[in-house]
$ cat coords.pdb   # PDB, C-alpha atoms, pLDDT in the B column
ATOM      1  CA  MET I   7       3.555 -25.305 -57.999  1.00 45.00           C
ATOM      2  CA  ASN I   8       0.483 -27.348 -57.147  1.00 48.00           C
ATOM      3  CA  LEU I   9       2.700 -30.138 -55.897  1.00 44.00           C
ATOM      4  CA  LEU I  10       4.584 -27.705 -53.663  1.00 42.00           C
ATOM      5  CA  LYS I  11       1.361 -26.340 -52.195  1.00 42.00           C
ATOM      6  CA  HIS I  12       0.146 -29.875 -51.601  1.00 41.00           C
ATOM      7  CA  SER I  13       3.357 -30.736 -49.724  1.00 41.00           C
ATOM      8  CA  VAL I  14       3.081 -27.627 -47.568  1.00 37.00           C
ATOM      9  CA  LEU I  15      -0.506 -28.492 -46.640  1.00 37.00           C
ATOM     10  CA  ILE I  16       0.477 -32.028 -45.715  1.00 37.00           C
ATOM     11  CA  GLY I  17       3.326 -30.729 -43.572  1.00 42.00           C
ATOM     12  CA  ALA I  18       1.050 -28.276 -41.760  1.00 39.00           C
ATOM     13  CA  ALA I  19      -1.513 -30.987 -41.105  1.00 35.00           C
ATOM     14  CA  SER I  20       1.186 -33.212 -39.651  1.00 36.00           C
ATOM     15  CA  LEU I  21       2.293 -30.471 -37.278  1.00 35.00           C
ATOM     16  CA  MET I  22      -1.282 -29.947 -36.129  1.00 34.00           C
ATOM     17  CA  VAL I  23      -1.721 -33.638 -35.436  1.00 32.00           C
ATOM     18  CA  GLY I  24       1.600 -33.768 -33.572  1.00 36.00           C
ATOM     19  CA  SER I  25       0.740 -30.822 -31.333  1.00 35.00           C
ATOM     20  CA  SER I  26      -2.680 -32.224 -30.451  1.00 36.00           C
ATOM     21  CA  ALA I  27      -1.007 -35.329 -29.044  1.00 42.00           C
ATOM     22  CA  PHE I  28       0.151 -33.244 -26.088  1.00 53.00           C
ATOM     23  CA  ALA I  29      -3.379 -32.354 -24.970  1.00 67.00           C
ATOM     24  CA  LEU I  30      -6.162 -34.527 -23.644  1.00 73.00           C
ATOM     25  CA  THR I  31      -9.449 -34.610 -25.495  1.00 80.00           C
ATOM     26  CA  SER I  32     -12.548 -33.487 -23.624  1.00 76.00           C
ATOM     27  CA  THR I  33     -13.664 -37.121 -23.439  1.00 80.00           C
ATOM     28  CA  GLU I  34     -10.347 -38.227 -21.918  1.00 82.00           C
ATOM     29  CA  SER I  35     -10.390 -35.358 -19.448  1.00 79.00           C
ATOM     30  CA  GLN I  36     -13.954 -36.182 -18.420  1.00 83.00           C
ATOM     31  CA  ALA I  37     -13.051 -39.838 -17.925  1.00 85.00           C
ATOM     32  CA  LEU I  38     -10.143 -38.894 -15.653  1.00 87.00           C
ATOM     33  CA  THR I  39     -12.373 -36.547 -13.675  1.00 86.00           C
ATOM     34  CA  GLN I  40     -15.012 -39.231 -13.199  1.00 90.00           C
ATOM     35  CA  LYS I  41     -12.383 -41.748 -12.113  1.00 91.00           C
ATOM     36  CA  ILE I  42     -10.930 -39.578  -9.384  1.00 90.00           C
ATOM     37  CA  LEU I  43     -14.329 -38.375  -8.153  1.00 91.00           C
ATOM     38  CA  ALA I  44     -15.563 -41.959  -7.958  1.00 93.00           C
ATOM     39  CA  SER I  45     -12.910 -42.773  -5.368  1.00 92.00           C
ATOM     40  CA  LYS I  46     -13.133 -42.079  -1.652  1.00 95.00           C
ATOM     41  CA  VAL I  47     -11.743 -38.720  -0.554  1.00 95.00           C
ATOM     42  CA  ILE I  48      -9.065 -40.416   1.524  1.00 96.00           C
ATOM     43  CA  ASP I  49      -7.937 -42.372  -1.560  1.00 96.00           C
ATOM     44  CA  MET I  50      -7.864 -39.401  -3.961  1.00 95.00           C
ATOM     45  CA  PRO I  51      -4.149 -38.581  -3.530  1.00 96.00           C
ATOM     46  CA  ALA I  52      -3.128 -42.150  -4.352  1.00 96.00           C
ATOM     47  CA  VAL I  53      -5.607 -42.397  -7.243  1.00 95.00           C
ATOM     48  CA  ALA I  54      -4.449 -39.088  -8.725  1.00 96.00           C
ATOM     49  CA  ALA I  55      -0.768 -40.043  -8.407  1.00 95.00           C
ATOM     50  CA  LYS I  56      -1.421 -43.401 -10.081  1.00 95.00           C
ATOM     51  CA  MET I  57      -3.287 -41.685 -12.919  1.00 94.00           C
ATOM     52  CA  VAL I  58      -0.305 -39.416 -13.553  1.00 95.00           C
ATOM     53  CA  VAL I  59       2.252 -42.220 -13.430  1.00 94.00           C
ATOM     54  CA  SER I  60       0.136 -44.400 -15.745  1.00 92.00           C
ATOM     55  CA  ALA I  61      -0.328 -41.647 -18.346  1.00 92.00           C
ATOM     56  CA  GLU I  62       1.833 -41.351 -21.427  1.00 90.00           C
ATOM     57  CA  LYS I  63       4.770 -39.025 -20.780  1.00 90.00           C
ATOM     58  CA  ALA I  64       3.357 -36.443 -23.197  1.00 89.00           C
ATOM     59  CA  ASP I  65       0.024 -36.485 -21.355  1.00 91.00           C
ATOM     60  CA  ARG I  66       1.279 -36.343 -17.762  1.00 93.00           C
ATOM     61  CA  ILE I  67       0.971 -32.598 -17.316  1.00 95.00           C
ATOM     62  CA  GLU I  68      -2.576 -32.526 -18.696  1.00 94.00           C
ATOM     63  CA  THR I  69      -3.485 -35.541 -16.577  1.00 94.00           C
ATOM     64  CA  ALA I  70      -2.124 -33.850 -13.469  1.00 95.00           C
ATOM     65  CA  LYS I  71      -4.110 -30.703 -14.265  1.00 95.00           C
ATOM     66  CA  ALA I  72      -7.322 -32.670 -14.806  1.00 94.00           C
ATOM     67  CA  ALA I  73      -6.879 -34.432 -11.472  1.00 95.00           C
ATOM     68  CA  VAL I  74      -6.251 -31.341  -9.358  1.00 97.00           C
ATOM     69  CA  VAL I  75      -8.966 -29.291 -11.056  1.00 96.00           C
ATOM     70  CA  ALA I  76     -11.529 -32.034 -10.386  1.00 95.00           C
ATOM     71  CA  VAL I  77     -10.569 -32.087  -6.721  1.00 96.00           C
ATOM     72  CA  ALA I  78     -10.425 -28.288  -6.422  1.00 96.00           C
ATOM     73  CA  LYS I  79     -13.961 -27.979  -7.772  1.00 95.00           C
ATOM     74  CA  ASN I  80     -15.542 -30.842  -5.861  1.00 95.00           C
ATOM     75  CA  HIS I  81     -13.439 -31.668  -2.783  1.00 95.00           C
ATOM     76  CA  PRO I  82     -11.268 -28.627  -1.930  1.00 94.00           C
ATOM     77  CA  ASN I  83     -10.472 -30.048   1.506  1.00 94.00           C
ATOM     78  CA  ALA I  84      -8.461 -32.779  -0.215  1.00 96.00           C
ATOM     79  CA  LEU I  85      -6.647 -30.436  -2.595  1.00 96.00           C
ATOM     80  CA  SER I  86      -3.492 -30.060  -0.524  1.00 96.00           C
ATOM     81  CA  THR I  87      -2.807 -33.799  -0.312  1.00 97.00           C
ATOM     82  CA  VAL I  88      -3.689 -34.377  -3.964  1.00 97.00           C
ATOM     83  CA  VAL I  89      -1.395 -31.591  -5.171  1.00 98.00           C
ATOM     84  CA  GLY I  90       1.428 -33.012  -3.063  1.00 97.00           C
ATOM     85  CA  ALA I  91       0.894 -36.569  -4.283  1.00 97.00           C
ATOM     86  CA  VAL I  92       0.729 -35.529  -7.937  1.00 97.00           C
ATOM     87  CA  LEU I  93       3.799 -33.275  -7.886  1.00 97.00           C
ATOM     88  CA  ARG I  94       5.947 -35.846  -6.107  1.00 97.00           C
ATOM     89  CA  LYS I  95       5.352 -38.083  -9.131  1.00 95.00           C
ATOM     90  CA  ALA I  96       5.493 -35.353 -11.785  1.00 96.00           C
ATOM     91  CA  PRO I  97       7.455 -32.296 -10.584  1.00 96.00           C
ATOM     92  CA  GLU I  98       7.651 -31.117 -14.190  1.00 96.00           C
ATOM     93  CA  ALA I  99       3.928 -30.350 -13.938  1.00 97.00           C
ATOM     94  CA  THR I 100       4.423 -27.884 -11.062  1.00 97.00           C
ATOM     95  CA  GLU I 101       3.733 -24.693 -12.997  1.00 97.00           C
ATOM     96  CA  ALA I 102       0.679 -26.087 -14.786  1.00 97.00           C
ATOM     97  CA  VAL I 103      -0.781 -27.659 -11.634  1.00 97.00           C
ATOM     98  CA  VAL I 104      -0.320 -24.566  -9.471  1.00 98.00           C
ATOM     99  CA  ALA I 105      -1.747 -22.289 -12.160  1.00 98.00           C
ATOM    100  CA  ALA I 106      -4.766 -24.533 -12.727  1.00 97.00           C
ATOM    101  CA  CYS I 107      -5.530 -24.730  -9.004  1.00 97.00           C
ATOM    102  CA  LEU I 108      -5.225 -20.996  -8.469  1.00 97.00           C
ATOM    103  CA  GLU I 109      -7.426 -20.218 -11.452  1.00 97.00           C
ATOM    104  CA  VAL I 110     -10.171 -22.583 -10.265  1.00 96.00           C
ATOM    105  CA  ALA I 111      -9.854 -21.966  -6.518  1.00 96.00           C
ATOM    106  CA  PRO I 112      -7.951 -18.715  -5.801  1.00 97.00           C
ATOM    107  CA  GLN I 113      -9.168 -18.855  -2.202  1.00 96.00           C
ATOM    108  CA  MET I 114      -7.004 -21.975  -1.799  1.00 96.00           C
ATOM    109  CA  ALA I 115      -3.840 -20.223  -2.985  1.00 97.00           C
ATOM    110  CA  ARG I 116      -1.926 -20.462   0.277  1.00 96.00           C
ATOM    111  CA  THR I 117      -2.775 -24.147   0.697  1.00 96.00           C
ATOM    112  CA  VAL I 118      -1.797 -24.947  -2.879  1.00 97.00           C
ATOM    113  CA  VAL I 119       1.581 -23.182  -2.867  1.00 97.00           C
ATOM    114  CA  ALA I 120       2.466 -24.689   0.520  1.00 97.00           C
ATOM    115  CA  ALA I 121       1.686 -28.214  -0.692  1.00 97.00           C
ATOM    116  CA  ALA I 122       3.528 -27.696  -3.990  1.00 97.00           C
ATOM    117  CA  THR I 123       6.623 -26.264  -2.281  1.00 97.00           C
ATOM    118  CA  PHE I 124       6.800 -29.025   0.332  1.00 96.00           C
ATOM    119  CA  ALA I 125       6.406 -31.754  -2.306  1.00 96.00           C
ATOM    120  CA  THR I 126       9.008 -30.539  -4.803  1.00 96.00           C
ATOM    121  CA  GLU I 127      12.673 -29.558  -5.001  1.00 92.00           C
ATOM    122  CA  GLY I 128      13.968 -26.811  -7.263  1.00 91.00           C
ATOM    123  CA  GLN I 129      10.504 -25.491  -8.104  1.00 96.00           C
ATOM    124  CA  ASP I 130      10.224 -22.702  -5.511  1.00 96.00           C
ATOM    125  CA  GLU I 131      10.813 -19.840  -7.959  1.00 96.00           C
ATOM    126  CA  VAL I 132       8.410 -21.385 -10.464  1.00 97.00           C
ATOM    127  CA  ILE I 133       5.728 -21.616  -7.795  1.00 97.00           C
ATOM    128  CA  LEU I 134       6.230 -18.013  -6.708  1.00 97.00           C
ATOM    129  CA  ALA I 135       6.253 -16.686 -10.274  1.00 97.00           C
ATOM    130  CA  THR I 136       3.093 -18.621 -11.141  1.00 97.00           C
ATOM    131  CA  ALA I 137       1.269 -17.403  -8.043  1.00 97.00           C
ATOM    132  CA  ASP I 138       2.382 -13.810  -8.651  1.00 96.00           C
ATOM    133  CA  ARG I 139       0.939 -14.040 -12.157  1.00 97.00           C
ATOM    134  CA  VAL I 140      -2.365 -15.706 -11.313  1.00 97.00           C
ATOM    135  CA  VAL I 141      -3.187 -14.197  -7.895  1.00 97.00           C
ATOM    136  CA  PRO I 142      -1.025 -11.059  -7.580  1.00 96.00           C
ATOM    137  CA  SER I 143      -3.204  -9.662  -4.783  1.00 96.00           C
ATOM    138  CA  GLN I 144      -2.013 -12.488  -2.480  1.00 96.00           C
ATOM    139  CA  LYS I 145       1.688 -12.013  -3.133  1.00 94.00           C
ATOM    140  CA  ALA I 146       2.744 -11.291   0.459  1.00 95.00           C
ATOM    141  CA  GLU I 147       0.736 -14.147   2.004  1.00 95.00           C
ATOM    142  CA  ILE I 148       1.958 -16.619  -0.596  1.00 96.00           C
ATOM    143  CA  ARG I 149       5.607 -15.731  -0.096  1.00 95.00           C
ATOM    144  CA  GLY I 150       5.148 -16.349   3.606  1.00 95.00           C
ATOM    145  CA  GLU I 151       3.613 -19.777   2.932  1.00 96.00           C
ATOM    146  CA  VAL I 152       6.450 -20.732   0.589  1.00 96.00           C
ATOM    147  CA  THR I 153       9.041 -19.732   3.192  1.00 95.00           C
ATOM    148  CA  LEU I 154       7.345 -21.850   5.865  1.00 96.00           C
ATOM    149  CA  ALA I 155       6.958 -24.813   3.519  1.00 95.00           C
ATOM    150  CA  LYS I 156      10.648 -24.643   2.592  1.00 94.00           C
ATOM    151  CA  ALA I 157      11.568 -24.703   6.283  1.00 94.00           C
ATOM    152  CA  ARG I 158       9.357 -27.754   6.898  1.00 94.00           C
ATOM    153  CA  ARG I 159      10.860 -29.470   3.865  1.00 93.00           C
ATOM    154  CA  SER I 160      14.373 -28.748   5.111  1.00 91.00           C
ATOM    155  CA  MET I 161      13.557 -30.113   8.565  1.00 90.00           C
ATOM    156  CA  LYS I 162      12.105 -33.270   7.034  1.00 84.00           C
ATOM    157  CA  GLU I 163      15.243 -33.825   4.966  1.00 76.00           C
ATOM    158  CA  THR I 164      17.512 -33.220   7.960  1.00 76.00           C
ATOM    159  CA  SER I 165      15.499 -35.642  10.082  1.00 73.00           C
ATOM    160  CA  ALA I 166      15.600 -38.294   7.367  1.00 65.00           C
ATOM    161  CA  LYS I 167      19.389 -38.039   7.075  1.00 64.00           C
ATOM    162  CA  GLY I 168      19.907 -38.093  10.841  1.00 59.00           C
ATOM    163  CA  GLY I 169      20.914 -35.029  12.812  1.00 53.00           C
ATOM    164  CA  THR I 170      20.015 -32.699  15.648  1.00 48.00           C
ATOM    165  CA  ILE I 171      17.227 -30.151  15.397  1.00 46.00           C
ATOM    166  CA  VAL I 172      17.642 -27.565  18.130  1.00 46.00           C
ATOM    167  CA  VAL I 173      14.426 -26.097  19.508  1.00 44.00           C
ATOM    168  CA  PRO I 174      15.179 -22.991  21.600  1.00 44.00           C
ATOM    169  CA  GLY I 175      14.221 -23.289  25.245  1.00 45.00           C
ATOM    170  CA  ALA I 176      13.387 -26.987  25.155  1.00 44.00           C
ATOM    171  CA  ASN I 177      15.103 -30.333  25.499  1.00 44.00           C
ATOM    172  CA  VAL I 178      14.794 -32.310  22.313  1.00 43.00           C
ATOM    173  CA  VAL I 179      15.746 -35.937  21.794  1.00 41.00           C
ATOM    174  CA  THR I 180      16.400 -36.721  18.174  1.00 44.00           C
ATOM    175  CA  ALA I 181      16.942 -39.910  16.236  1.00 46.00           C
ATOM    176  CA  PRO I 182      20.485 -41.291  16.587  1.00 48.00           C
ATOM    177  CA  VAL I 183      23.055 -39.965  14.171  1.00 50.00           C
ATOM    178  CA  THR I 184      24.987 -42.530  12.172  1.00 52.00           C
ATOM    179  CA  LYS I 185      28.744 -42.967  12.293  1.00 52.00           C
ATOM    180  CA  SER I 186      30.923 -42.835   9.188  1.00 51.00           C
ATOM    181  CA  ASP I 187      30.556 -46.596   8.766  1.00 53.00           C
ATOM    182  CA  GLY I 188      26.756 -46.336   8.794  1.00 53.00           C
ATOM    183  CA  THR I 189      26.191 -47.697  12.315  1.00 56.00           C
ATOM    184  CA  PRO I 190      24.151 -45.554  14.750  1.00 55.00           C
ATOM    185  CA  LEU I 191      25.621 -43.901  17.791  1.00 55.00           C
ATOM    186  CA  ASP I 192      24.860 -45.535  21.142  1.00 55.00           C
ATOM    187  CA  LYS I 193      22.750 -42.639  22.434  1.00 50.00           C
ATOM    188  CA  PRO I 194      20.522 -40.049  20.812  1.00 47.00           C
ATOM    189  CA  THR I 195      21.624 -36.426  20.881  1.00 47.00           C
ATOM    190  CA  VAL I 196      19.981 -34.062  23.397  1.00 45.00           C
ATOM    191  CA  THR I 197      20.351 -30.362  22.775  1.00 45.00           C
ATOM    192  CA  LYS I 198      19.120 -27.308  24.652  1.00 46.00           C
ATOM    193  CA  SER I 199      19.323 -23.753  23.426  1.00 44.00           C
ATOM    194  CA  THR I 200      18.107 -20.658  25.250  1.00 46.00           C
ATOM    195  CA  THR I 201      20.496 -17.874  24.311  1.00 47.00           C
ATOM    196  CA  GLY I 202      20.353 -15.799  21.187  1.00 51.00           C
ATOM    197  CA  PHE I 203      16.883 -17.048  20.319  1.00 47.00           C
ATOM    198  CA  ASP I 204      15.360 -15.484  17.247  1.00 51.00           C
ATOM    199  CA  PRO I 205      11.744 -16.704  16.706  1.00 48.00           C
ATOM    200  CA  ALA I 206      11.962 -16.002  12.983  1.00 49.00           C
ATOM    201  CA  ARG I 207      14.804 -18.444  12.376  1.00 49.00           C
ATOM    202  CA  GLU I 208      15.118 -22.207  12.190  1.00 47.00           C
ATOM    203  CA  TYR I 209      17.800 -23.649  14.458  1.00 43.00           C
ATOM    204  CA  ILE I 210      19.443 -26.695  12.935  1.00 46.00           C
ATOM    205  CA  LYS I 211      22.733 -28.197  14.045  1.00 44.00           C
ATOM    206  CA  PRO I 212      24.547 -30.456  11.557  1.00 45.00           C
TER
END

$ encode --input "coords.pdb" --output "structure tokens"
Amino acid sequence: MNLLKHSVLIGAASLMVGSSAFALTSTESQALTQKILASKVIDMPAVAAKMVVSAEKADRIETAKAAVVAVAKNHPNALSTVVGAVLRKAPEATEAVVAACLEVAPQMARTVVAAATFATEGQDEVILATADRVVPSQKAEIRGEVTLAKARRSMKETSAKGGTIVVPGANVVTAPVTKSDGTPLDKPTVTKSTTGFDPAREYIKP
């Protein structure tokens, strides 16, 4: 019986040690905070992204949280770019990063969700659910920001692939579209649209 109890205690201790490996110690967190705050504001996005990429896989989420919280508390004007840079490298940290930012700086909610949405793919519902939980009073405003950020993200992707973005009431010259063999067309596409304009919609022609 004593041997059995001893084995159970050893097993429990092992589980405790294993779970602690997924969280940064206060010393590690402080070191990360000092590192990012020691950099120039303009360099913070790159520094934060490098910190996340360099971290052990099990520590990436905690590292991302430490980075954005440090910026939110000390340099909120840089929070949008830091959130974007971090989540492009670690999209799996989206929920934790958004929640941490909103808890520390709820007044930055719209900026945070816009940056997170624009930087990630497939995380829109996670972002909305997290914001609804942490700052429910800003639900309507946040949903509007997410919708706008998704539209900007879609336009960026369309532009990168080559295509025509139609802006109602204006002549727009876009980048040349490629042929099936990968070579560009001789002339860029010019499109004008004036009829059936709905200001609430994005007009994109394949």

$ closest_residue --input "coords.pdb" --among "I:Thr126, I:Ser32, I:Asn83, I:Ser45" --to "Arg159 in chain I" --atoms "all atoms listed in the file"
I:Thr126

$ resolve_selection --input "coords.pdb" --expression "the PyMOL selection byres ((chain I and resi 109) around 12)" --output "short mmCIF file (atom, residue, chain, number, x, y, z; two decimals) with C-alpha atoms, in the frame of the given file"
data_model
loop_
_atom_site.label_atom_id
_atom_site.label_comp_id
_atom_site.auth_asym_id
_atom_site.auth_seq_id
_atom_site.Cartn_x
_atom_site.Cartn_y
_atom_site.Cartn_z
CA LYS I 71 -4.11 -30.70 -14.26
CA VAL I 74 -6.25 -31.34 -9.36
CA VAL I 75 -8.97 -29.29 -11.06
CA ALA I 78 -10.42 -28.29 -6.42
CA LYS I 79 -13.96 -27.98 -7.77
CA ALA I 102 0.68 -26.09 -14.79
CA VAL I 103 -0.78 -27.66 -11.63
CA VAL I 104 -0.32 -24.57 -9.47
CA ALA I 105 -1.75 -22.29 -12.16
CA ALA I 106 -4.77 -24.53 -12.73
CA CYS I 107 -5.53 -24.73 -9.00
CA LEU I 108 -5.22 -21.00 -8.47
CA VAL I 110 -10.17 -22.58 -10.26
CA ALA I 111 -9.85 -21.97 -6.52
CA PRO I 112 -7.95 -18.72 -5.80
CA GLN I 113 -9.17 -18.86 -2.20
CA MET I 114 -7.00 -21.98 -1.80
CA ALA I 115 -3.84 -20.22 -2.98
CA VAL I 118 -1.80 -24.95 -2.88
CA THR I 136 3.09 -18.62 -11.14
CA ALA I 137 1.27 -17.40 -8.04
CA ARG I 139 0.94 -14.04 -12.16
CA VAL I 140 -2.37 -15.71 -11.31
CA VAL I 141 -3.19 -14.20 -7.90
CA PRO I 142 -1.02 -11.06 -7.58
#

$ resolve_selection --input "coords.pdb" --expression "the PyMOL selection byres ((chain I and resi 92-95) around 12)" --output "ChimeraX atom specification"
/I:50-61,63,66-75,77,85-91,96-104,118-119,121-127,129,133

$ atom_distance --input "coords.pdb" --atom1 "CA of Met161 in chain I" --atom2 "CA of Glu147 in chain I"
21.5 Å

$ atom_distance --input "coords.pdb" --atom1 "CA of Ile42 in chain I" --atom2 "CA of Leu30 in chain I"
15.9 Å
